[in-house]
Amino acid sequence: MIFQKAKTMKLGVFDSGLGGVMISRAIRDHLPDLDMVYLGDTLHVPYGNRSEKAIHNYSKNCIEYLFTQENCQIIIMACNTASASALRKLQQEWLPKHFPERRILGVVVPTIEYSIDRGVENLGLLGTNYTVHSKVYLQELQKINPNITIHQVNTPLLVPLIEHDGMQWMDEVLDHYMKPLMDKGIEAVILSCTHYTCLKDRVRDRYNIEVFSQDEIVPVKLKDYLNRHPESETKIGKSGADTFLVTDLTPEYTRQASRYFGKDIELSHVLYKDTV
Ligand code: DGL
């Protein structure tokens, strides 16, 4: 009898754009052996100013692609905007019907848990229009610890500045966004967007407060999840392979993604059915 080795699966990291490459880097540093595939929806970034329907459908298309074409066992929905808009519905309605054995993990609850563990009671949050208006952080926090306050500011200029080499204007824009939070006497600020990871040192230095950045949160929470869920963890290959996929490819994306990952990487262009 010939025994066929079961095909190993991957960990997927999904983001609206290139910010997810920084989360992938951080995951790779924490979990060097996991086979991982990143998918950035560069065709539709930024998600933050779009409608709920558009964000939901773009996210679903990307998640479906990662399950069907890349054989992902677990997908980290690294994008806060997508987590705010699409995660619950996908987890509760779509996943059980289509991929009951697979998992989609968001970033909002892990970030809140981390913030609570740090003992902070007066928090600030910078996020995209969609994330802030969705109030997802306020609602999830209310369920876990209603005694903690979050003051939110929506920061629609940050993603375009980051994606288009606008760092020279960043301090001025950040001062504008941070002022109402500093006036409230916040003890720490949550950077609730994958892209803002690259601002964490700047924010720490400039405002001298604690900064909760998801590249420092997601890998630790993921490792803990994998330890608690061996039935999923054992299905994921352990050759340390990396795959980087985008829905629109330009030389500029390749340059930026390599910078965010800290070494030259090859991006591949994927096509999927585009529905809104
Ligand atoms: N990556 C998204 C997030 O984490 C922000 C970028 C966008 O607007 O698409 O919220």
# chains A, B, ... in the order shown; residues from 1 in each chain; ligands from 1
call {"tool": "residues_near_ligand", "arguments": {"ligand": "ligand 1", "cutoff": "7 Å", "atoms": "only C-alpha atoms and all ligand atoms", "output": "PyMOL selection string"}}
result
chain A and resi 15-17+19-20+45-49+78-82+127-128+131+159+192-195
call {"tool": "residues_around", "arguments": {"residues": "segment 111-116 of chain A", "least_positions_apart": "4", "cutoff": "9 Å", "atoms": "only C-alpha atoms", "output": "ChimeraX atom specification"}}
result
/A:107,120-121,123,137,140-141,144-145,148,188,190,192,212-214,217-218,221
call {"tool": "residues_around", "arguments": {"residues": "Leu222 of chain A", "least_positions_apart": "5", "cutoff": "12 Å", "atoms": "only C-alpha atoms", "output": "JSON, numbers by chain"}}
result
{"A": [11, 12, 13, 23, 24, 26, 27, 28, 30, 31, 34, 74, 75, 76, 77, 78, 104, 105, 106, 107, 110, 111, 214, 215, 216, 217, 227, 228, 229, 232, 233]}
call {"tool": "select_by_dssp", "arguments": {"residues": "segment 71-249 of chain A", "states": "helix (DSSP H, G or I)", "output": "PyMOL selection string"}}
result
chain A and resi 80-98+108-117+129-134+136-144+158-163+167-183+194-207+218-228+230-233
call {"tool": "residues_around", "arguments": {"residues": "Pro251 of chain A", "least_positions_apart": "5", "cutoff": "12 Å", "atoms": "only C-alpha atoms", "output": "ChimeraX atom specification"}}
result
/A:256-258,265-269
call {"tool": "write_last_selection", "arguments": {"atoms": "C-alpha atoms", "output": "PDB file, in the first residue's frame"}}
result
ATOM      1  CA  GLN A 256       8.240  49.184  -0.666  1.00  0.00           C
ATOM      2  CA  ALA A 257       7.373  45.622   0.271  1.00  0.00           C
ATOM      3  CA  SER A 258      11.075  44.700   0.273  1.00  0.00           C
ATOM      4  CA  ILE A 265      11.215  39.842  -1.814  1.00  0.00           C
ATOM      5  CA  GLU A 266       9.388  38.857  -4.926  1.00  0.00           C
ATOM      6  CA  LEU A 267       5.733  39.876  -5.208  1.00  0.00           C
ATOM      7  CA  SER A 268       3.442  37.864  -7.472  1.00  0.00           C
ATOM      8  CA  HIS A 269       0.323  39.223  -9.052  1.00  0.00           C
TER       9      HIS A 269
END
call {"tool": "select_by_dssp", "arguments": {"residues": "segment 26-215 of chain A", "states": "strand (DSSP E)", "output": "PyMOL selection string"}}
result
chain A and resi 36-40+72-77+103-105+122-127+149-154+188-191+210-213
call {"tool": "decode", "arguments": {"residues": "segment 111-210 of chain A", "atoms": "C-alpha atoms", "output": "tab-separated table (two decimals), in the first residue's frame"}}
result
chain	number	residue	atom	x	y	z
A	111	THR	CA	-5.10	44.29	20.64
A	112	ILE	CA	-7.70	45.13	23.28
A	113	GLU	CA	-6.63	42.18	25.45
A	114	TYR	CA	-3.03	43.29	25.18
A	115	SER	CA	-3.95	46.87	26.14
A	116	ILE	CA	-5.88	45.66	29.19
A	117	ASP	CA	-2.95	43.47	30.24
A	118	ARG	CA	-0.72	46.56	30.18
A	119	GLY	CA	-2.91	48.08	32.90
A	120	VAL	CA	-3.76	51.24	30.99
A	121	GLU	CA	-7.10	52.94	31.75
A	122	ASN	CA	-7.11	55.99	29.50
A	123	LEU	CA	-6.30	55.00	25.96
A	124	GLY	CA	-6.03	56.79	22.63
A	125	LEU	CA	-6.56	55.19	19.25
A	126	LEU	CA	-5.54	56.21	15.75
A	127	GLY	CA	-7.42	54.42	12.99
A	128	THR	CA	-8.90	54.71	9.53
A	129	ASN	CA	-12.24	56.40	8.96
A	130	TYR	CA	-13.99	53.05	8.76
A	131	THR	CA	-12.39	51.57	11.87
A	132	VAL	CA	-13.14	54.64	13.98
A	133	HIS	CA	-16.71	55.11	12.77
A	134	SER	CA	-17.46	51.40	13.18
A	135	LYS	CA	-16.75	51.83	16.94
A	136	VAL	CA	-15.54	48.22	16.91
A	137	TYR	CA	-12.82	48.91	19.49
A	138	LEU	CA	-15.30	50.62	21.83
A	139	GLN	CA	-17.82	47.81	21.48
A	140	GLU	CA	-15.33	45.00	22.02
A	141	LEU	CA	-13.74	46.81	24.96
A	142	GLN	CA	-17.15	47.35	26.52
A	143	LYS	CA	-17.66	43.55	26.51
A	144	ILE	CA	-14.30	42.85	28.18
A	145	ASN	CA	-13.70	45.81	30.51
A	146	PRO	CA	-16.13	48.76	30.53
A	147	ASN	CA	-13.94	50.68	33.01
A	148	ILE	CA	-11.33	51.51	30.37
A	149	THR	CA	-11.82	54.56	28.16
A	150	ILE	CA	-10.75	54.83	24.53
A	151	HIS	CA	-10.58	58.20	22.79
A	152	GLN	CA	-10.54	57.72	19.02
A	153	VAL	CA	-9.25	59.90	16.19
A	154	ASN	CA	-9.72	59.00	12.55
A	155	THR	CA	-6.58	59.58	10.54
A	156	PRO	CA	-7.37	59.33	6.82
A	157	LEU	CA	-4.13	61.01	5.70
A	158	LEU	CA	-1.74	58.54	7.27
A	159	VAL	CA	-2.14	55.61	4.87
A	160	PRO	CA	-1.72	57.75	1.71
A	161	LEU	CA	1.38	59.43	3.22
A	162	ILE	CA	2.89	56.06	4.13
A	163	GLU	CA	2.01	54.40	0.81
A	164	HIS	CA	3.33	57.35	-1.23
A	165	ASP	CA	6.60	58.29	0.45
A	166	GLY	CA	5.14	61.25	2.34
A	167	MET	CA	7.18	60.86	5.53
A	168	GLN	CA	8.52	64.42	5.31
A	169	TRP	CA	5.02	65.72	6.18
A	170	MET	CA	4.33	63.11	8.81
A	171	ASP	CA	5.25	65.01	12.00
A	172	GLU	CA	2.94	67.88	11.19
A	173	VAL	CA	0.04	65.56	10.36
A	174	LEU	CA	0.65	63.41	13.43
A	175	ASP	CA	0.72	66.48	15.70
A	176	HIS	CA	-2.67	67.44	14.34
A	177	TYR	CA	-4.14	63.98	14.98
A	178	MET	CA	-2.46	63.42	18.34
A	179	LYS	CA	-3.35	66.80	19.89
A	180	PRO	CA	-6.94	65.90	20.94
A	181	LEU	CA	-5.66	62.63	22.40
A	182	MET	CA	-2.82	64.28	24.32
A	183	ASP	CA	-5.31	66.90	25.61
A	184	LYS	CA	-7.33	64.00	27.09
A	185	GLY	CA	-4.25	62.87	29.01
A	186	ILE	CA	-3.99	59.43	27.38
A	187	GLU	CA	-1.49	56.99	28.87
A	188	ALA	CA	-1.02	54.97	25.69
A	189	VAL	CA	-2.09	54.99	22.07
A	190	ILE	CA	-3.21	52.03	19.96
A	191	LEU	CA	-2.01	52.17	16.36
A	192	SER	CA	-5.02	50.36	14.94
A	193	CYS	CA	-3.88	50.01	11.36
A	194	THR	CA	-1.25	47.74	9.85
A	195	HIS	CA	0.37	50.66	8.06
A	196	TYR	CA	0.94	52.62	11.27
A	197	THR	CA	3.45	50.01	12.44
A	198	CYS	CA	6.13	52.02	10.67
A	199	LEU	CA	5.21	55.06	12.78
A	200	LYS	CA	5.61	53.44	16.19
A	201	ASP	CA	9.12	54.75	16.98
A	202	ARG	CA	8.23	58.22	15.75
A	203	VAL	CA	5.13	58.31	17.97
A	204	ARG	CA	7.04	56.96	21.00
A	205	ASP	CA	9.81	59.52	20.62
A	206	ARG	CA	7.64	62.48	19.78
A	207	TYR	CA	4.90	62.15	22.41
A	208	ASN	CA	6.68	60.14	25.07
A	209	ILE	CA	3.77	57.76	25.71
A	210	GLU	CA	3.28	54.01	25.46
